[in-house]
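Trainee: I am attaching a structure below and will ask some questions about it afterwards.
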Amino acid sequence: MIRLLIADDEVLEREALEDIVARRFEHEITIETAENGRKAADTAVLWGADLILMDIEMPGMNGLDAARAVLEQRPECKVIFVTAYSLFQYAHEAMHLGACDYLLKPVNPDEVEASIRKAMRQIEAGRRLAELAPVEQEADPEGDAAEAGENDRNALVMAHVRKYMEDNYMFDLSLDSVSEILHISPAYLSAQFKKYQKTNFLDCLTELRINAAKELLTDPFRSAAEVASMVGYEDSSYFARTFKKRTGMTPTQYRKEAAKTIREARL
């Protein structure tokens, strides 16, 4: 079961979200609620929330500060922000915090369900990853057969690490954060990932982010800075340099080329 906390200072909004979740996730999710940011932060930590539907504009401690307080103690917790304000500064900070999604009020029940299911997949991927954690060992005394078994297991773990990266590339992902989930050293993870995935961790992460950015840049209403934030880059200038190094074009040049290709395809 997933433990989901709904935090909103408006009673009707809180009850509407609770009703959507209860009807669509009857046997999958346990629900708790909080009417302000301080209670949300305390409840999430003490109750052990896996996921939070967090309103941003709340009196006292707002949703962004509450999420920050939770994630300092429960970094594995996922957060979906829900707000009536379509402000880029909110969206940017939400993505920097590692938000799963950013929903606007009045919420659409289908969008709420899709967002929660996306978060649930990420939670389950993290749990599977932790369960599969390889163990750093000295030379295996059992011989070749045992060594082959360990190799098979580590290959499976690194495949799951790759899948975890594909699902979470937009967050603050690093060797340190993934190795913490696996309870192994970053150096060991780096060596094992390169051995079984035939590429290093950072190159793989960069490739995933740049490929996602290419898709997002086809939308003319998204700025390059917004795209950078959405794929995991806090610094838009660094994103632009990395994008050009990988593609030979700046994000703006790529957007123009993509638009030209789309126009020509329609003729």
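To be explicit about the labels: the chains of the structure tokens are called A, B, and onward in the order shown, and within each one the residues are counted from 1, while ligands get numbers from 1 in the order they are shown.
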List as an MDAnalysis selection string the protein and nucleic acid residues near stretch 171-173 of chain A, meaning an atom at most 7 Å away when only C-alpha atoms are counted, but skip any in the same chain fewer than 4 places from it.

Mentor: chainID A and resid 98 177 232

Trainee: Which residues of stretch 204-244 of chain A come within 9 Å of stretch 257-266 of chain A, and for each one, what is the closest pair of atoms and their distance in Å to one decimal, counting only C-alpha atoms, sorted by chain and residue number, as a Markdown table?

Mentor:
| residue | atom | partner | partner_atom | distance |
| --- | --- | --- | --- | --- |
| A:Lys214 | CA | A:Ala258 | CA | 8.7 |
| A:Leu217 | CA | A:Ala258 | CA | 8.2 |
| A:Thr218 | CA | A:Ala258 | CA | 6.3 |
| A:Asp219 | CA | A:Ala259 | CA | 9.0 |
| A:Pro220 | CA | A:Ala259 | CA | 8.5 |

Trainee: So that I have them on file, write out the residues from the current selection with C-alpha atoms, as a compact mmCIF listing (two decimals), in the first residue's frame.

Mentor:
# COMPACT_ATOMS: atom_id res chain seq x y z
CA LYS A 214 14.44 17.63 -27.62
CA LEU A 217 11.57 22.03 -27.26
CA THR A 218 9.09 21.22 -30.04
CA ASP A 219 6.52 23.10 -27.93
CA PRO A 220 6.95 26.79 -28.90

Trainee: Mind checking which residues fall within 10 Å of A:Ala34, counting only C-alpha atoms, ignoring those fewer than 6 positions away in the same chain, and posting them as a PyMOL selection string?

Mentor: chain A and resi 5-9+11+14+40-44+54

Trainee: For those residues, write N, CA, C and O atoms to a file as an mmCIF file, in the first residue's frame.

Mentor:
data_model
loop_
_atom_site.group_PDB
_atom_site.id
_atom_site.type_symbol
_atom_site.label_atom_id
_atom_site.label_comp_id
_atom_site.auth_asym_id
_atom_site.auth_seq_id
_atom_site.Cartn_x
_atom_site.Cartn_y
_atom_site.Cartn_z
ATOM 1 N N LEU A 5 -0.506 11.523 1.605
ATOM 2 C CA LEU A 5 -0.947 12.634 2.435
ATOM 3 C C LEU A 5 -1.496 13.742 1.542
ATOM 4 O O LEU A 5 -0.838 14.142 0.570
ATOM 5 N N ILE A 6 -2.696 14.231 1.845
ATOM 6 C CA ILE A 6 -3.295 15.349 1.120
ATOM 7 C C ILE A 6 -3.209 16.581 2.008
ATOM 8 O O ILE A 6 -3.773 16.595 3.107
ATOM 9 N N ALA A 7 -2.494 17.618 1.553
ATOM 10 C CA ALA A 7 -2.295 18.828 2.353
ATOM 11 C C ALA A 7 -2.892 20.027 1.627
ATOM 12 O O ALA A 7 -2.418 20.415 0.552
ATOM 13 N N ASP A 8 -3.939 20.599 2.187
ATOM 14 C CA ASP A 8 -4.598 21.766 1.590
ATOM 15 C C ASP A 8 -5.373 22.480 2.703
ATOM 16 O O ASP A 8 -6.070 21.827 3.489
ATOM 17 N N ASP A 9 -5.247 23.799 2.760
ATOM 18 C CA ASP A 9 -5.933 24.534 3.827
ATOM 19 C C ASP A 9 -7.414 24.748 3.534
ATOM 20 O O ASP A 9 -8.175 25.133 4.425
ATOM 21 N N VAL A 11 -11.006 23.318 2.906
ATOM 22 C CA VAL A 11 -11.718 22.080 3.223
ATOM 23 C C VAL A 11 -12.302 21.427 1.971
ATOM 24 O O VAL A 11 -12.151 20.215 1.757
ATOM 25 N N ARG A 14 -9.605 19.922 -0.210
ATOM 26 C CA ARG A 14 -9.037 18.737 0.443
ATOM 27 C C ARG A 14 -9.987 17.543 0.298
ATOM 28 O O ARG A 14 -9.568 16.430 -0.024
ATOM 29 N N ALA A 40 1.390 19.238 7.720
ATOM 30 C CA ALA A 40 1.756 18.365 6.596
ATOM 31 C C ALA A 40 3.176 17.834 6.772
ATOM 32 O O ALA A 40 3.440 16.641 6.593
ATOM 33 N N ALA A 41 4.101 18.736 7.132
ATOM 34 C CA ALA A 41 5.498 18.324 7.307
ATOM 35 C C ALA A 41 5.635 17.326 8.457
ATOM 36 O O ALA A 41 6.314 16.299 8.320
ATOM 37 N N ASP A 42 4.986 17.613 9.591
ATOM 38 C CA ASP A 42 5.070 16.725 10.749
ATOM 39 C C ASP A 42 4.426 15.368 10.476
ATOM 40 O O ASP A 42 4.992 14.315 10.797
ATOM 41 N N THR A 43 3.241 15.393 9.849
ATOM 42 C CA THR A 43 2.527 14.145 9.574
ATOM 43 C C THR A 43 3.285 13.278 8.587
ATOM 44 O O THR A 43 3.396 12.058 8.766
ATOM 45 N N ALA A 44 3.804 13.897 7.546
ATOM 46 C CA ALA A 44 4.527 13.142 6.517
ATOM 47 C C ALA A 44 5.711 12.388 7.104
ATOM 48 O O ALA A 44 5.966 11.232 6.754
ATOM 49 N N MET A 54 0.356 18.246 -2.381
ATOM 50 C CA MET A 54 0.673 19.408 -1.561
ATOM 51 C C MET A 54 0.222 20.711 -2.208
ATOM 52 O O MET A 54 0.707 21.085 -3.281
#

Trainee: Determine which residues of stretch 89-267 of chain A DSSP labels as helix (DSSP H, G or I) from the backbone of this structure, then write them out as a PyMOL selection string.

Mentor: chain A and resi 89-97+109-131+144-168+175-182+186-197+201-216+224-230+236-247+251-266

Trainee: Kindly indicate which residue among A:Ala94, A:Ala22, A:Ala240, A:Ala225 lies nearest to A:Ala66, using only C-alpha atoms for the distances.

Mentor: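 Answer, going by the shortest atom-to-atom distance: A:Ala94.
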
Trainee: Looking at only C-alpha atoms, which of A:Thr206, A:Leu104, A:Thr252, A:Gln197 is the one that sits closest to A:Arg222?

Mentor: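 Ranking A:Thr206, A:Leu104, A:Thr252, A:Gln197 by distance to A:Arg222, first place goes to A:Thr252.
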
Trainee: So how far away is atom CA of A:Ala114 from atom CA of A:Met170, in Å?

Mentor: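 Pair atom CA of A:Met170 / atom CA of A:Ala114 returns 17.3 Å.
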
Trainee: Can you work out the spacing between atom CA of A:Pro251 and atom CA of A:Glu215 in Å, to one decimal?

Mentor: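 Atom CA of A:Glu215 lies 11.2 Å from atom CA of A:Pro251.
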
Trainee: If I take atom CA of A:Arg3 and atom CA of A:Asp167, how far is one from the other in Å, to one decimal?

Mentor: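 Separating atom CA of A:Arg3 from atom CA of A:Asp167 is a distance of 20.1 Å.
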
Trainee: Any chance you could tabulate, as JSON lines, the residues of stretch 96-204 of chain A at most 7 Å from stretch 76-83 of chain A with each one's nearest atom pair and distance in Å to one decimal, using only C-alpha atoms, in chain and rising number order?

Mentor:
{"residue": "A:Ala99", "atom": "CA", "partner": "A:Val79", "partner_atom": "CA", "distance": 5.1}
{"residue": "A:Cys100", "atom": "CA", "partner": "A:Ile80", "partner_atom": "CA", "distance": 5.3}
{"residue": "A:Asp101", "atom": "CA", "partner": "A:Ile80", "partner_atom": "CA", "distance": 4.9}
{"residue": "A:Tyr102", "atom": "CA", "partner": "A:Phe81", "partner_atom": "CA", "distance": 4.8}
{"residue": "A:Leu103", "atom": "CA", "partner": "A:Val82", "partner_atom": "CA", "distance": 4.7}
{"residue": "A:Leu104", "atom": "CA", "partner": "A:Thr83", "partner_atom": "CA", "distance": 5.1}
{"residue": "A:Lys105", "atom": "CA", "partner": "A:Thr83", "partner_atom": "CA", "distance": 5.7}
{"residue": "A:Ala119", "atom": "CA", "partner": "A:Lys78", "partner_atom": "CA", "distance": 6.7}

Trainee: I need the chosen residues saved as a PDB file, in the first residue's frame, with N, CA and C atoms.

Mentor:
ATOM      1  N   ALA A  99       9.807  17.676  -7.483  1.00  0.00           N
ATOM      2  CA  ALA A  99       8.378  17.366  -7.573  1.00  0.00           C
ATOM      3  C   ALA A  99       8.096  16.376  -8.692  1.00  0.00           C
ATOM      4  N   CYS A 100       7.169  15.451  -8.426  1.00  0.00           N
ATOM      5  CA  CYS A 100       6.734  14.504  -9.461  1.00  0.00           C
ATOM      6  C   CYS A 100       5.916  15.211 -10.524  1.00  0.00           C
ATOM      7  N   ASP A 101       5.107  16.169 -10.087  1.00  0.00           N
ATOM      8  CA  ASP A 101       4.208  16.839 -11.015  1.00  0.00           C
ATOM      9  C   ASP A 101       3.736  18.143 -10.401  1.00  0.00           C
ATOM     10  N   TYR A 102       3.013  18.920 -11.220  1.00  0.00           N
ATOM     11  CA  TYR A 102       2.551  20.247 -10.834  1.00  0.00           C
ATOM     12  C   TYR A 102       1.167  20.414 -11.442  1.00  0.00           C
ATOM     13  N   LEU A 103       0.121  20.292 -10.622  1.00  0.00           N
ATOM     14  CA  LEU A 103      -1.255  20.326 -11.110  1.00  0.00           C
ATOM     15  C   LEU A 103      -1.919  21.650 -10.766  1.00  0.00           C
ATOM     16  N   LEU A 104      -2.726  22.147 -11.695  1.00  0.00           N
ATOM     17  CA  LEU A 104      -3.436  23.401 -11.483  1.00  0.00           C
ATOM     18  C   LEU A 104      -4.880  23.155 -11.052  1.00  0.00           C
ATOM     19  N   LYS A 105      -5.356  23.992 -10.119  1.00  0.00           N
ATOM     20  CA  LYS A 105      -6.755  23.952  -9.703  1.00  0.00           C
ATOM     21  C   LYS A 105      -7.603  24.754 -10.694  1.00  0.00           C
ATOM     22  N   ALA A 119       3.689   8.711 -10.045  1.00  0.00           N
ATOM     23  CA  ALA A 119       4.447   8.739  -8.790  1.00  0.00           C
ATOM     24  C   ALA A 119       4.549   7.352  -8.178  1.00  0.00           C
TER      25      ALA A 119
END

Trainee: Under the rule that only C-alpha atoms are counted, which of A:Leu189, A:Phe239, A:Lys194, A:Glu13 is the nearest residue to A:Glu226?

Mentor: A:Phe239

Trainee: Which of these residues is nearest to A:Val231, using only C-alpha atoms: A:Tyr254, A:Tyr169, A:Phe243, A:Phe193?

Mentor: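 Residue with the minimum atom-to-atom distance to A:Val231: A:Tyr169.
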
Trainee: Using only C-alpha atoms, which of A:Val112, A:Leu205, A:Ile123, A:Val107 sits nearest A:Ile2?

Mentor: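 Distance minimum relative to A:Ile2 lands on A:Ile123.
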
Trainee: Excluding A:Thr30 and its own-chain neighbours fewer than 5 positions away, which residues fall within 12 Å of it when counting only C-alpha atoms? Please give them as number ranges by chain.

Mentor: A: 1-6, 18, 21-25, 47-52

Trainee: For the selection you just gave me, I'd like the residues written to a file as a PDB file, in the first residue's frame, keeping N, CA, C and O atoms.

Mentor:
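After the write, again_24.pdb holds the following:
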ATOM      1  N   MET A   1       0.840  -1.201   0.000  1.00  0.00           N
ATOM      2  CA  MET A   1       0.000   0.000   0.000  1.00  0.00           C
ATOM      3  C   MET A   1       0.878   1.256   0.000  1.00  0.00           C
ATOM      4  O   MET A   1       1.934   1.289   0.628  1.00  0.00           O
ATOM      5  N   ILE A   2       0.401   2.261  -0.697  1.00  0.00           N
ATOM      6  CA  ILE A   2       1.070   3.550  -0.728  1.00  0.00           C
ATOM      7  C   ILE A   2       0.418   4.469   0.308  1.00  0.00           C
ATOM      8  O   ILE A   2      -0.804   4.572   0.381  1.00  0.00           O
ATOM      9  N   ARG A   3       1.230   5.136   1.109  1.00  0.00           N
ATOM     10  CA  ARG A   3       0.709   6.102   2.085  1.00  0.00           C
ATOM     11  C   ARG A   3       0.716   7.494   1.456  1.00  0.00           C
ATOM     12  O   ARG A   3       1.785   8.037   1.154  1.00  0.00           O
ATOM     13  N   LEU A   4      -0.475   8.054   1.246  1.00  0.00           N
ATOM     14  CA  LEU A   4      -0.608   9.340   0.575  1.00  0.00           C
ATOM     15  C   LEU A   4      -1.175  10.385   1.530  1.00  0.00           C
ATOM     16  O   LEU A   4      -2.204  10.162   2.167  1.00  0.00           O
ATOM     17  N   LEU A   5      -0.506  11.523   1.605  1.00  0.00           N
ATOM     18  CA  LEU A   5      -0.947  12.634   2.435  1.00  0.00           C
ATOM     19  C   LEU A   5      -1.496  13.742   1.542  1.00  0.00           C
ATOM     20  O   LEU A   5      -0.838  14.142   0.570  1.00  0.00           O
ATOM     21  N   ILE A   6      -2.696  14.231   1.845  1.00  0.00           N
ATOM     22  CA  ILE A   6      -3.295  15.349   1.120  1.00  0.00           C
ATOM     23  C   ILE A   6      -3.209  16.581   2.008  1.00  0.00           C
ATOM     24  O   ILE A   6      -3.773  16.595   3.107  1.00  0.00           O
ATOM     25  N   GLU A  18      -9.476  14.022  -1.747  1.00  0.00           N
ATOM     26  CA  GLU A  18      -9.635  12.777  -0.995  1.00  0.00           C
ATOM     27  C   GLU A  18     -10.658  11.865  -1.675  1.00  0.00           C
ATOM     28  O   GLU A  18     -10.462  10.645  -1.758  1.00  0.00           O
ATOM     29  N   VAL A  21      -9.099  10.285  -4.891  1.00  0.00           N
ATOM     30  CA  VAL A  21      -8.134   9.228  -4.562  1.00  0.00           C
ATOM     31  C   VAL A  21      -8.850   7.995  -4.011  1.00  0.00           C
ATOM     32  O   VAL A  21      -8.536   6.860  -4.403  1.00  0.00           O
ATOM     33  N   ALA A  22      -9.821   8.203  -3.132  1.00  0.00           N
ATOM     34  CA  ALA A  22     -10.538   7.074  -2.520  1.00  0.00           C
ATOM     35  C   ALA A  22     -11.275   6.251  -3.572  1.00  0.00           C
ATOM     36  O   ALA A  22     -11.309   5.020  -3.504  1.00  0.00           O
ATOM     37  N   ARG A  23     -11.877   6.921  -4.557  1.00  0.00           N
ATOM     38  CA  ARG A  23     -12.648   6.200  -5.572  1.00  0.00           C
ATOM     39  C   ARG A  23     -11.761   5.498  -6.590  1.00  0.00           C
ATOM     40  O   ARG A  23     -12.077   4.401  -7.042  1.00  0.00           O
ATOM     41  N   ARG A  24     -10.640   6.106  -6.937  1.00  0.00           N
ATOM     42  CA  ARG A  24      -9.805   5.562  -8.011  1.00  0.00           C
ATOM     43  C   ARG A  24      -8.666   4.673  -7.526  1.00  0.00           C
ATOM     44  O   ARG A  24      -8.049   3.977  -8.322  1.00  0.00           O
ATOM     45  N   PHE A  25      -8.377   4.709  -6.228  1.00  0.00           N
ATOM     46  CA  PHE A  25      -7.279   3.904  -5.688  1.00  0.00           C
ATOM     47  C   PHE A  25      -7.731   3.182  -4.416  1.00  0.00           C
ATOM     48  O   PHE A  25      -7.001   3.123  -3.426  1.00  0.00           O
ATOM     49  N   TRP A  47       4.253   9.817  10.130  1.00  0.00           N
ATOM     50  CA  TRP A  47       3.410   8.753   9.571  1.00  0.00           C
ATOM     51  C   TRP A  47       4.156   7.927   8.522  1.00  0.00           C
ATOM     52  O   TRP A  47       3.840   6.781   8.259  1.00  0.00           O
ATOM     53  N   GLY A  48       5.186   8.528   7.929  1.00  0.00           N
ATOM     54  CA  GLY A  48       5.952   7.828   6.908  1.00  0.00           C
ATOM     55  C   GLY A  48       5.293   7.881   5.547  1.00  0.00           C
ATOM     56  O   GLY A  48       5.159   6.857   4.857  1.00  0.00           O
ATOM     57  N   ALA A  49       4.871   9.076   5.116  1.00  0.00           N
ATOM     58  CA  ALA A  49       4.188   9.223   3.831  1.00  0.00           C
ATOM     59  C   ALA A  49       5.114   8.853   2.674  1.00  0.00           C
ATOM     60  O   ALA A  49       6.302   9.185   2.682  1.00  0.00           O
ATOM     61  N   ASP A  50       4.552   8.146   1.701  1.00  0.00           N
ATOM     62  CA  ASP A  50       5.283   7.833   0.464  1.00  0.00           C
ATOM     63  C   ASP A  50       5.081   8.913  -0.584  1.00  0.00           C
ATOM     64  O   ASP A  50       5.943   9.118  -1.447  1.00  0.00           O
ATOM     65  N   LEU A  51       3.923   9.591  -0.514  1.00  0.00           N
ATOM     66  CA  LEU A  51       3.531  10.552  -1.543  1.00  0.00           C
ATOM     67  C   LEU A  51       2.682  11.644  -0.900  1.00  0.00           C
ATOM     68  O   LEU A  51       1.863  11.361  -0.030  1.00  0.00           O
ATOM     69  N   ILE A  52       2.874  12.882  -1.352  1.00  0.00           N
ATOM     70  CA  ILE A  52       2.081  14.003  -0.836  1.00  0.00           C
ATOM     71  C   ILE A  52       1.458  14.769  -1.992  1.00  0.00           C
ATOM     72  O   ILE A  52       2.151  15.125  -2.953  1.00  0.00           O
TER      73      ILE A  52
END

Trainee: Counting only C-alpha atoms, what is within 10 Å of A:Leu202, bar same-chain residues fewer than 6 positions away, as a list of chain:residue names?

Mentor: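 The residues that qualify are A:Leu173, A:Ser174, A:Leu175, A:Ser190, A:Leu208.
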